[in-house]
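Visitor: This is model-v9.cif, which holds mmCIF, C-alpha atoms:
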data_structure
loop_
_atom_site.label_atom_id
_atom_site.label_comp_id
_atom_site.auth_asym_id
_atom_site.auth_seq_id
_atom_site.Cartn_x
_atom_site.Cartn_y
_atom_site.Cartn_z
CA MET A 53 -104.83 3.93 -13.42
CA PRO A 54 -105.48 3.86 -9.71
CA LEU A 55 -102.24 2.14 -8.78
CA PHE A 56 -100.25 5.19 -9.68
CA LEU A 57 -102.23 7.34 -7.28
CA ARG A 58 -100.77 5.65 -4.26
CA ARG A 59 -99.34 7.75 -1.50
CA LYS A 60 -96.04 6.03 -1.30
CA MET A 61 -93.39 6.10 -4.00
CA PRO A 62 -92.77 2.51 -5.05
CA THR A 63 -89.19 1.29 -4.81
CA LEU A 64 -87.41 -1.84 -5.90
CA GLN A 65 -84.07 -2.60 -4.41
CA GLY A 66 -81.55 -5.36 -4.97
CA ILE A 67 -78.91 -5.87 -2.32
CA ASP A 68 -75.71 -7.81 -2.98
CA LEU A 69 -77.34 -10.34 -5.32
CA THR A 70 -75.49 -13.46 -6.33
CA CYS A 71 -76.63 -15.94 -8.93
CA VAL A 72 -75.23 -19.45 -9.13
CA ARG A 73 -76.15 -21.80 -11.95
CA GLY A 74 -74.88 -25.34 -11.49
CA ASP A 75 -71.45 -24.70 -9.98
CA ARG A 76 -70.82 -21.57 -12.01
CA LYS A 77 -71.21 -18.16 -10.48
CA LEU A 78 -72.96 -15.95 -13.04
CA PHE A 79 -72.75 -12.72 -11.14
CA SER A 80 -72.23 -11.53 -7.60
CA GLY A 81 -72.43 -8.30 -5.66
CA VAL A 82 -75.15 -6.79 -7.84
CA ASN A 83 -76.80 -3.79 -6.22
CA PHE A 84 -79.43 -1.46 -7.57
CA TYR A 85 -82.11 0.90 -6.41
CA LEU A 86 -85.06 1.82 -8.59
CA GLU A 87 -87.79 4.35 -7.88
CA GLY A 88 -91.07 5.28 -9.51
CA GLY A 89 -90.43 6.78 -12.94
CA GLY A 90 -87.14 4.91 -13.23
CA LEU A 91 -85.96 2.66 -16.04
CA MET A 92 -83.27 0.08 -15.53
CA GLN A 93 -81.67 -1.54 -18.54
CA VAL A 94 -79.85 -4.76 -17.74
CA GLN A 95 -77.00 -5.30 -20.18
CA GLY A 96 -74.43 -7.97 -20.78
CA PRO A 97 -73.41 -10.61 -23.30
CA ASN A 98 -75.31 -13.87 -23.79
CA GLY A 99 -75.07 -16.09 -20.76
CA SER A 100 -74.18 -13.30 -18.36
CA GLY A 101 -77.28 -13.93 -16.30
CA LYS A 102 -79.70 -11.26 -17.50
CA THR A 103 -82.70 -13.56 -17.62
CA SER A 104 -81.66 -15.16 -14.32
CA LEU A 105 -81.58 -11.74 -12.72
CA LEU A 106 -85.04 -10.87 -14.04
CA ARG A 107 -86.43 -14.20 -12.84
CA MET A 108 -85.02 -13.40 -9.41
CA LEU A 109 -86.70 -10.03 -9.46
CA CYS A 110 -90.04 -11.74 -10.10
CA GLY A 111 -89.49 -14.26 -7.36
CA LEU A 112 -89.38 -17.20 -9.79
CA ALA A 113 -85.81 -17.93 -8.72
CA THR A 114 -84.12 -17.38 -5.37
CA PRO A 115 -80.80 -15.56 -5.25
CA ALA A 116 -77.94 -17.65 -3.85
CA HIS A 117 -77.08 -14.65 -1.74
CA GLY A 118 -78.56 -11.22 -1.11
CA LYS A 119 -82.13 -10.02 -1.13
CA ILE A 120 -84.66 -8.14 -3.20
CA CYS A 121 -86.96 -5.64 -1.56
CA TRP A 122 -90.16 -4.03 -2.77
CA GLU A 123 -91.01 -0.97 -0.68
CA ASP A 124 -88.58 -2.11 2.04
CA ALA A 125 -90.06 -5.59 2.42
CA GLU A 126 -88.52 -8.71 0.94
CA ILE A 127 -90.52 -9.88 -2.08
CA ARG A 128 -90.80 -13.46 -0.78
CA SER A 129 -92.66 -12.24 2.26
CA LEU A 130 -94.98 -10.06 0.15
CA ALA A 131 -95.93 -12.69 -2.46
CA GLY A 132 -99.47 -11.76 -3.54
CA VAL A 133 -99.10 -8.05 -2.81
CA TYR A 134 -95.96 -7.85 -4.91
CA TYR A 135 -97.42 -9.91 -7.74
CA GLY A 136 -100.37 -7.55 -7.84
CA ALA A 137 -98.00 -4.67 -8.52
CA MET A 138 -95.76 -6.38 -11.05
CA THR A 139 -96.03 -7.68 -14.59
CA TYR A 140 -93.40 -10.03 -15.98
CA LEU A 141 -93.04 -10.69 -19.65
CA GLY A 142 -90.51 -13.44 -20.27
CA HIS A 143 -88.95 -15.03 -23.31
CA LEU A 144 -92.03 -17.19 -23.54
CA GLY A 145 -94.88 -14.82 -24.00
CA GLY A 146 -97.47 -16.94 -22.25
CA VAL A 147 -99.65 -17.03 -25.36
CA LYS A 148 -101.65 -20.22 -25.84
CA ASP A 149 -101.67 -21.60 -29.39
CA ASP A 150 -105.23 -22.87 -29.30
CA LEU A 151 -106.82 -19.73 -27.92
CA SER A 152 -107.63 -16.62 -29.90
CA ALA A 153 -105.81 -13.36 -29.25
CA ILE A 154 -108.78 -12.03 -27.29
CA GLU A 155 -109.13 -15.15 -25.15
CA ASN A 156 -105.42 -15.10 -24.47
CA LEU A 157 -105.48 -11.51 -23.34
CA ARG A 158 -108.59 -11.91 -21.20
CA ILE A 159 -107.26 -14.97 -19.44
CA SER A 160 -103.80 -13.61 -18.83
CA SER A 161 -105.18 -10.39 -17.41
CA ALA A 162 -107.61 -12.33 -15.23
CA LEU A 163 -104.62 -14.28 -13.94
CA ALA A 164 -102.97 -10.96 -13.16
CA GLY A 165 -106.03 -10.05 -11.10
CA VAL A 166 -107.68 -7.71 -13.62
CA GLU A 167 -110.89 -8.91 -15.19
CA ILE A 168 -111.55 -7.22 -18.50
CA GLY A 169 -114.47 -7.43 -20.85
CA GLU A 170 -114.28 -8.39 -24.49
CA GLY A 171 -114.54 -4.75 -25.58
CA LYS A 172 -111.56 -3.65 -23.56
CA ALA A 173 -109.48 -6.61 -24.72
CA ARG A 174 -110.36 -5.85 -28.34
CA GLU A 175 -109.41 -2.23 -27.84
CA ALA A 176 -106.02 -3.12 -26.35
CA LEU A 177 -105.27 -5.52 -29.20
CA GLN A 178 -106.21 -2.93 -31.78
CA GLN A 179 -103.94 -0.48 -30.05
CA MET A 180 -101.16 -3.04 -30.48
CA GLY A 181 -101.88 -3.13 -34.18
CA LEU A 182 -103.80 -6.39 -34.30
CA ARG A 183 -107.01 -5.06 -35.79
CA GLY A 184 -108.91 -7.81 -37.57
CA ARG A 185 -106.84 -10.56 -35.98
CA GLU A 186 -108.45 -10.57 -32.56
CA MET A 187 -110.41 -13.75 -33.15
CA LEU A 188 -107.69 -15.77 -34.84
CA PRO A 189 -106.12 -18.60 -32.87
CA ALA A 190 -102.62 -17.62 -31.81
CA LYS A 191 -101.04 -20.52 -33.71
CA VAL A 192 -101.74 -18.84 -37.06
CA LEU A 193 -100.17 -15.57 -35.94
CA SER A 194 -96.56 -14.71 -36.74
CA GLN A 195 -93.87 -14.47 -34.05
CA GLY A 196 -94.13 -10.70 -34.02
CA GLN A 197 -97.91 -10.77 -33.77
CA ARG A 198 -97.79 -13.23 -30.89
CA ARG A 199 -95.38 -10.89 -29.18
CA ARG A 200 -97.86 -8.08 -29.68
CA VAL A 201 -100.57 -10.17 -28.04
CA ALA A 202 -98.29 -10.72 -25.07
CA LEU A 203 -97.40 -7.04 -24.90
CA ALA A 204 -101.06 -6.03 -24.99
CA ARG A 205 -101.16 -7.29 -21.42
CA LEU A 206 -99.15 -4.24 -20.39
CA LEU A 207 -101.97 -2.01 -21.64
CA VAL A 208 -104.62 -3.59 -19.45
CA CYS A 209 -102.82 -4.75 -16.31
CA GLY A 210 -102.30 -1.38 -14.62
CA THR A 211 -99.30 -2.53 -12.57
CA VAL A 212 -96.48 -0.26 -11.39
CA LEU A 213 -93.48 -2.43 -12.13
CA TRP A 214 -92.85 -3.98 -15.52
CA ILE A 215 -90.15 -6.60 -15.82
CA LEU A 216 -89.53 -7.22 -19.50
CA ASP A 217 -87.14 -9.79 -20.89
CA GLU A 218 -86.23 -8.86 -24.46
CA PRO A 219 -89.61 -7.28 -25.19
CA LEU A 220 -88.57 -6.16 -28.64
CA THR A 221 -87.54 -9.46 -30.20
CA ALA A 222 -89.42 -10.30 -33.40
CA LEU A 223 -91.10 -6.89 -33.52
CA ASP A 224 -91.01 -4.73 -36.65
CA THR A 225 -89.96 -1.07 -36.49
CA ALA A 226 -93.52 0.20 -36.17
CA ALA A 227 -94.17 -2.09 -33.22
CA VAL A 228 -90.85 -1.16 -31.60
CA LYS A 229 -91.93 2.49 -31.77
CA LEU A 230 -95.28 1.59 -30.31
CA VAL A 231 -93.70 -0.23 -27.38
CA GLN A 232 -91.25 2.61 -26.79
CA GLY A 233 -94.15 5.05 -26.61
CA LEU A 234 -95.94 2.73 -24.23
CA MET A 235 -92.92 2.54 -21.95
CA GLU A 236 -92.38 6.29 -21.99
CA ARG A 237 -95.98 6.86 -20.99
CA HIS A 238 -95.67 4.31 -18.22
CA LEU A 239 -92.55 6.01 -16.85
CA GLU A 240 -94.14 9.45 -17.05
CA HIS A 241 -96.99 8.20 -14.93
CA GLY A 242 -94.55 7.10 -12.27
CA GLY A 243 -94.23 3.46 -13.32
CA MET A 244 -90.99 1.50 -13.21
CA ILE A 245 -89.41 -0.74 -15.83
CA VAL A 246 -86.63 -3.28 -15.62
CA MET A 247 -85.73 -4.63 -19.02
CA THR A 248 -83.11 -6.38 -21.07
CA THR A 249 -82.62 -5.75 -24.74
CA HIS A 250 -79.91 -6.10 -27.33
CA GLN A 251 -81.48 -3.46 -29.51
CA GLU A 252 -80.57 0.18 -29.20
CA ILE A 253 -83.66 1.96 -28.01
CA GLU A 254 -84.25 5.54 -27.06
CA ILE A 255 -86.59 6.06 -24.20
CA THR A 256 -86.78 9.42 -22.54
CA ALA A 257 -87.08 8.73 -18.88
CA ALA A 258 -86.53 10.83 -15.80
CA ALA A 259 -84.03 8.35 -14.48
CA THR A 260 -82.36 5.75 -16.67
CA GLN A 261 -79.77 3.46 -15.24
CA ARG A 262 -77.78 0.71 -16.84
CA LEU A 263 -76.82 -2.40 -14.98
CA GLN A 264 -73.88 -4.09 -16.62
CA LEU A 265 -73.44 -7.80 -15.96
CA ALA A 266 -69.97 -9.08 -16.74
CA MET B 200 -110.56 -17.20 -10.96
CA PHE B 201 -110.92 -20.83 -9.96
CA PHE B 202 -113.71 -21.30 -12.49
CA GLN B 203 -111.97 -19.22 -15.10
CA ILE B 204 -108.92 -21.45 -15.09
CA THR B 205 -111.19 -24.50 -15.24
CA ARG B 206 -113.07 -22.98 -18.15
CA ARG B 207 -109.84 -22.18 -19.94
CA ASP B 208 -108.60 -25.74 -19.60
CA LEU B 209 -111.93 -27.14 -20.78
CA LEU B 210 -111.84 -24.79 -23.74
CA LEU B 211 -108.33 -25.95 -24.58
CA ALA B 212 -109.42 -29.57 -24.25
CA MET B 213 -112.33 -28.94 -26.60
CA ARG B 214 -109.96 -27.54 -29.19
CA ARG B 215 -107.75 -30.61 -28.85
CA ARG B 216 -110.34 -33.32 -28.72
CA ALA B 217 -107.92 -36.00 -29.88
CA ASP B 218 -106.05 -35.84 -26.56
CA VAL B 219 -109.25 -36.38 -24.62
CA LEU B 220 -110.41 -39.23 -26.77
CA THR B 221 -107.10 -41.13 -26.61
CA THR B 222 -107.44 -41.43 -22.83
CA LEU B 223 -111.00 -42.68 -23.09
CA PHE B 224 -110.23 -45.16 -25.86
CA PHE B 225 -107.22 -46.43 -23.98
CA PHE B 226 -109.50 -47.16 -21.04
CA VAL B 227 -112.11 -48.84 -23.22
CA ILE B 228 -109.57 -51.01 -25.01
CA VAL B 229 -107.64 -52.11 -21.93
CA VAL B 230 -110.86 -53.09 -20.15
CA SER B 231 -112.15 -54.90 -23.24
CA LEU B 232 -108.95 -56.87 -23.78
CA PHE B 233 -109.29 -58.89 -20.59
CA PRO B 234 -112.50 -60.78 -21.45
CA LEU B 235 -110.98 -61.59 -24.83
CA GLY B 236 -107.77 -62.80 -23.20
CA VAL B 237 -109.13 -64.92 -20.37
CA GLY B 238 -112.12 -66.34 -22.20
CA PRO B 239 -115.84 -66.36 -21.43
CA GLU B 240 -115.68 -67.88 -17.95
CA MET B 241 -118.51 -65.90 -16.31
CA ASN B 242 -117.60 -66.43 -12.67
CA MET B 243 -113.99 -65.52 -13.18
CA LEU B 244 -114.89 -62.41 -15.17
CA ARG B 245 -117.31 -61.28 -12.50
CA THR B 246 -114.68 -61.55 -9.77
CA MET B 247 -111.95 -59.81 -11.71
CA ALA B 248 -114.10 -57.01 -13.14
CA PRO B 249 -113.73 -54.36 -10.40
CA GLY B 250 -109.97 -54.78 -10.24
CA VAL B 251 -109.53 -54.64 -14.01
CA VAL B 252 -111.73 -51.58 -14.42
CA TRP B 253 -109.98 -49.78 -11.59
CA VAL B 254 -106.45 -50.60 -12.79
CA ALA B 255 -107.39 -49.45 -16.28
CA ALA B 256 -108.76 -46.22 -14.80
CA LEU B 257 -105.48 -45.62 -12.94
CA LEU B 258 -103.44 -46.19 -16.08
CA ALA B 259 -105.71 -44.02 -18.22
CA SER B 260 -105.54 -41.14 -15.79
CA MET B 261 -101.76 -41.65 -15.66
CA LEU B 262 -101.58 -41.23 -19.43
CA SER B 263 -102.93 -37.72 -19.41
CA LEU B 264 -100.99 -36.45 -16.41
CA GLY B 265 -98.01 -35.39 -18.50
CA ARG B 266 -100.09 -32.82 -20.32
CA MET B 267 -101.49 -31.28 -17.18
CA PHE B 268 -98.75 -28.70 -16.69
CA SER B 269 -96.28 -29.31 -19.49
CA SER B 270 -98.08 -27.39 -22.22
CA ASP B 271 -98.47 -24.42 -19.89
CA HIS B 272 -94.82 -24.77 -19.00
CA VAL B 273 -93.69 -24.74 -22.62
CA ASP B 274 -95.57 -21.61 -23.66
CA GLY B 275 -94.93 -19.62 -20.50
CA THR B 276 -98.47 -19.51 -19.10
CA LEU B 277 -97.30 -21.46 -16.07
CA GLU B 278 -94.91 -18.62 -15.19
CA GLN B 279 -97.88 -16.28 -15.31
CA MET B 280 -99.81 -18.51 -12.95
CA LEU B 281 -96.93 -18.58 -10.49
CA LEU B 282 -96.72 -14.79 -10.67
CA SER B 283 -100.42 -14.28 -10.24
CA PRO B 284 -101.70 -12.43 -7.19
CA GLN B 285 -104.36 -15.15 -7.04
CA SER B 286 -103.69 -18.07 -4.75
CA LEU B 287 -101.71 -20.74 -6.58
CA PRO B 288 -103.29 -23.72 -4.76
CA LEU B 289 -106.68 -22.44 -5.90
CA LEU B 290 -105.48 -22.23 -9.51
CA VAL B 291 -104.11 -25.76 -9.19
CA LEU B 292 -107.45 -26.93 -7.82
CA GLY B 293 -109.13 -25.37 -10.84
CA LYS B 294 -106.76 -27.16 -13.17
CA SER B 295 -107.28 -30.46 -11.34
CA LEU B 296 -111.02 -30.04 -11.65
CA ALA B 297 -110.67 -29.47 -15.38
CA HIS B 298 -108.41 -32.51 -15.66
CA TRP B 299 -110.99 -34.63 -13.87
CA LEU B 300 -113.86 -33.34 -16.00
CA VAL B 301 -111.90 -34.13 -19.14
CA THR B 302 -110.34 -37.48 -18.21
CA GLY B 303 -112.21 -38.76 -15.15
CA VAL B 304 -115.86 -38.12 -15.97
CA PRO B 305 -115.81 -39.94 -19.33
CA LEU B 306 -114.36 -43.00 -17.57
CA VAL B 307 -117.09 -42.89 -14.94
CA LEU B 308 -119.76 -42.69 -17.61
CA MET B 309 -118.21 -45.46 -19.66
CA ALA B 310 -117.59 -47.88 -16.79
CA PRO B 311 -121.16 -49.27 -16.47
CA VAL B 312 -121.22 -50.07 -20.18
CA LEU B 313 -117.88 -51.85 -19.94
CA GLY B 314 -119.03 -53.65 -16.81
CA ILE B 315 -121.64 -55.46 -18.88
CA GLN B 316 -118.84 -57.26 -20.69
CA TYR B 317 -117.99 -58.81 -17.34
CA ASP B 318 -121.56 -59.81 -16.61
CA LEU B 319 -121.72 -57.62 -13.53
CA PRO B 320 -125.17 -57.45 -11.89
CA ALA B 321 -126.93 -54.07 -11.83
CA ASP B 322 -126.18 -53.23 -8.19
CA SER B 323 -122.48 -53.99 -8.68
CA LEU B 324 -122.47 -51.71 -11.72
CA LEU B 325 -123.98 -48.97 -9.59
CA VAL B 326 -121.39 -49.37 -6.85
CA LEU B 327 -118.61 -49.48 -9.43
CA THR B 328 -119.80 -46.21 -10.91
CA ILE B 329 -120.12 -44.53 -7.54
CA SER B 330 -116.69 -45.74 -6.47
CA LEU B 331 -115.19 -44.34 -9.69
CA LEU B 332 -117.07 -41.10 -9.20
CA LEU B 333 -115.50 -40.69 -5.76
CA GLY B 334 -112.10 -42.08 -6.68
CA THR B 335 -111.20 -40.54 -10.03
CA PRO B 336 -111.00 -36.95 -8.67
CA VAL B 337 -108.45 -38.25 -6.17
CA LEU B 338 -106.43 -39.59 -9.09
CA SER B 339 -106.39 -36.16 -10.74
CA LEU B 340 -105.52 -34.38 -7.51
CA ILE B 341 -102.70 -36.71 -6.49
CA GLY B 342 -101.51 -37.01 -10.07
CA ALA B 343 -101.09 -33.24 -10.19
CA ILE B 344 -98.40 -33.50 -7.51
CA GLY B 345 -96.43 -35.98 -9.60
CA ALA B 346 -96.93 -33.96 -12.76
CA ALA B 347 -95.67 -30.84 -11.00
CA LEU B 348 -92.61 -32.58 -9.56
CA THR B 349 -91.52 -34.06 -12.90
CA LEU B 350 -92.14 -30.89 -14.87
CA GLY B 351 -89.53 -30.28 -17.53
CA LEU B 352 -87.60 -33.47 -16.77
CA ARG B 353 -86.52 -35.78 -19.53
CA GLY B 354 -88.30 -39.10 -19.25
CA GLY B 355 -90.76 -37.46 -16.88
CA GLY B 356 -93.53 -39.75 -18.11
CA VAL B 357 -92.00 -42.87 -16.61
CA LEU B 358 -90.93 -41.09 -13.47
CA VAL B 359 -94.39 -39.74 -12.88
CA SER B 360 -95.83 -43.27 -12.89
CA LEU B 361 -93.22 -44.41 -10.39
CA LEU B 362 -94.05 -41.49 -8.13
CA VAL B 363 -97.79 -41.51 -8.41
CA LEU B 364 -98.89 -45.14 -8.85
CA PRO B 365 -97.88 -46.14 -5.29
CA LEU B 366 -99.96 -43.23 -4.00
CA TYR B 367 -102.94 -44.53 -5.97
CA ILE B 368 -102.88 -47.89 -4.16
CA PRO B 369 -105.32 -47.00 -1.35
CA VAL B 370 -107.81 -45.66 -3.89
CA LEU B 371 -107.46 -48.87 -5.92
CA ILE B 372 -107.94 -51.11 -2.89
CA PHE B 373 -111.04 -49.37 -1.60
CA GLY B 374 -112.45 -48.64 -5.04
CA ALA B 375 -112.29 -52.23 -6.22
CA GLY B 376 -113.06 -53.44 -2.69
CA ALA B 377 -116.36 -51.57 -2.67
CA VAL B 378 -117.67 -53.57 -5.61
CA GLU B 379 -116.44 -56.87 -4.19
CA ALA B 380 -118.01 -56.10 -0.81
CA SER B 381 -121.36 -55.27 -2.34
CA ALA B 382 -121.26 -58.43 -4.48
CA ALA B 383 -120.54 -60.45 -1.33
CA GLY B 384 -123.56 -58.85 0.32
CA LEU B 385 -121.53 -56.91 2.90
CA GLY B 386 -122.57 -53.48 1.71
CA ALA B 387 -120.24 -51.00 0.10
CA GLY B 388 -120.88 -48.19 2.58
CA ALA B 389 -117.62 -48.47 4.49
CA HIS B 390 -115.46 -48.57 1.37
CA LEU B 391 -117.28 -45.67 -0.23
CA SER B 392 -117.03 -43.61 2.94
CA LEU B 393 -113.29 -44.17 2.98
CA LEU B 394 -113.06 -43.14 -0.67
CA GLY B 395 -115.01 -40.00 0.21
CA ALA B 396 -112.56 -39.32 3.03
CA PHE B 397 -109.63 -39.71 0.62
CA LEU B 398 -111.33 -37.28 -1.71
CA LEU B 399 -111.81 -34.65 0.99
CA ALA B 400 -108.26 -35.04 2.26
CA SER B 401 -106.80 -34.72 -1.21
CA VAL B 402 -108.95 -31.69 -2.08
CA VAL B 403 -107.44 -29.95 0.92
CA LEU B 404 -103.85 -31.17 0.77
CA ALA B 405 -102.98 -32.00 -2.84
CA PRO B 406 -103.39 -28.52 -4.44
CA TRP B 407 -101.22 -27.03 -1.76
CA THR B 408 -98.52 -29.68 -2.23
CA THR B 409 -98.74 -29.28 -6.01
CA ALA B 410 -98.30 -25.52 -5.70
CA VAL B 411 -95.13 -26.00 -3.66
CA SER B 412 -93.83 -28.59 -6.16
CA LEU B 413 -94.51 -26.22 -9.05
CA ARG B 414 -92.49 -23.48 -7.40
CA ILE B 415 -89.61 -25.90 -6.86
CA SER B 416 -89.74 -27.21 -10.44
CA MET B 417 -89.78 -23.73 -11.94
CA GLU B 418 -86.65 -22.48 -10.13
#
Please express what this file holds, its structure, as structure tokens.
Guide:
Amino acid sequence: MPLFLRRKMPTLQGIDLTCVRGDRKLFSGVNFYLEGGGLMQVQGPNGSGKTSLLRMLCGLATPAHGKICWEDAEIRSLAGVYYGAMTYLGHLGGVKDDLSAIENLRISSALAGVEIGEGKAREALQQMGLRGREMLPAKVLSQGQRRRVALARLLVCGTVLWILDEPLTALDTAAVKLVQGLMERHLEHGGMIVMTTHQEIEITAAATQRLQLA
Amino acid sequence: MFFQITRRDLLLAMRRRADVLTTLFFFVIVVSLFPLGVGPEMNMLRTMAPGVVWVAALLASMLSLGRMFSSDHVDGTLEQMLLSPQSLPLLVLGKSLAHWLVTGVPLVLMAPVLGIQYDLPADSLLVLTISLLLGTPVLSLIGAIGAALTLGLRGGGVLVSLLVLPLYIPVLIFGAGAVEASAAGLGAGAHLSLLGAFLLASVVLAPWTTAVSLRISME
């Protein structure tokens, strides 16, 4: 994965972030600093602004106050460069009902700037435990299987920063293990992960930090 | 990437043929209702034909605008597009092209057949088809702006028509005007050139505006 061979250590930094939804302040004064190899788990009860924070980190939402920097430059000013280094997996997996698992994976990775052939897509799906279901339209797959299709993107995208919103929902224990292994490997190679989850997971990482939202 | 997104949308349209056909049948039925309603008065039909066909084309393209971004919005693929390192206006242009191929082109192909119901002479039919060929892409491009602005709103369908239909007026005037001018022996060149100019302007400006609207709607 060539992205990991870069000279500079990637960093993601949030400075004094405030999120306002309607006229309610969800959180304020959130600071964090994440380096290559680092995992940040965002925790907090429902409605504490976890998803809002992740959407800010992707640049989908703008913080009411504060700024987010990728390698010392604000993400808004980076746009394409930042998006080329980041993969976001939200609540909605971005899996199209009418397309097969392979078509879904190929299109979503093309959108992420990585063109992959059918062979590579098939391989990634098989690695996610979808052998024999690659050609089925996504609408006949179960929730967990659709999630696996979405997660297969992580295998092919080759980005440094993964922003994962509840990646483990609907997954069975085998798949949870699979994803954990995937994340550990990513962190070992110097990748970074920001994630939310309500499940207890054990990931051995060089640097794990927890960000508690009230 | 531009062609990939177009291909994806065409593929999706092929798997949901019903959606495509409803737009086309709506167009066919609306255009066919007028001769039945006003009666077989040849001269009157001939004068009203361009206007009726064009208004029906506007309404038909309106019908399908809602689907342009909403299905991508619901399943999260739109988020992926916004977070793509590829240029968003280019992706939007690709989607607009797919929308036109799916909803605009069938109307263009069908128009000469429907024109016969109005007893239009051959050269008027030709001008009508050319004017639709130049004008319908503008409808898709401008419509995309409205679809992006009303994304995720309740009652977005009505709102989108209020936003977009006024912007369609110039296309309607010059599109229908081209046929009338050629029937009157004035030549349709000026009208068609103006339609071409609208097309070029909207190819340049509309995807960019749509991209900005999408970012605003997704906040």
Visitor: Fewer than 4 positions away in the same chain doesn't count, so skip those; otherwise give me all residues within 7 Å of Leu213 of chain A, counting only C-alpha atoms, as a list of chain:residue names.
Guide: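 Residues meeting the cut-off are A:Ala137, A:Met138, A:Thr139, A:Gly243, A:Met244, A:Ile245.
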Visitor: Emit the selected residues as a compact mmCIF listing (two decimals), in the coordinates of the input, including C-alpha atoms.
Guide:
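Done, and the output landed in result.txt:
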# COMPACT_ATOMS: atom_id res chain seq x y z
CA ALA A 137 -98.00 -4.67 -8.52
CA MET A 138 -95.76 -6.38 -11.05
CA THR A 139 -96.03 -7.68 -14.59
CA GLY A 243 -94.23 3.46 -13.32
CA MET A 244 -90.99 1.50 -13.21
CA ILE A 245 -89.41 -0.74 -15.83
Visitor: Please identify all polymer residues within 9 Å of segment 221-231 of chain B, counting all atoms listed in the file, omitting same-chain residues fewer than 5 positions from it, and present them as a list in words.
Guide: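 Once the adjacent positions are removed, what remains is Arg216, Ala248, Val251, Val252, Val254, Ala255, Ala256, Leu258, Ala259, Ser260, Leu262, Ser263, Thr302, Gly303, Pro305, Leu306, Met309, Ala310, Leu313, Gly314 and Gln316 of chain B.
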Visitor: Please list as number ranges by chain every residue within 10 Å of Leu308 of chain B, counting all atoms listed in the file and excluding residues in the same chain fewer than 6 positions away.
Guide: B: 328, 331-332
Visitor: Between B:Ala217, B:Leu340, B:Leu404, B:Leu394, which one has atoms that come closest to Leu300 of chain B, using only C-alpha atoms?
Guide: B:Leu340
Visitor: To one decimal in Å, tell me the separation between atom CA of Glu236 of chain A and atom CA of Ser152 of chain A.
Guide: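 Value for the atom CA of Glu236 of chain A-atom CA of Ser152 of chain A distance: 28.6 Å.
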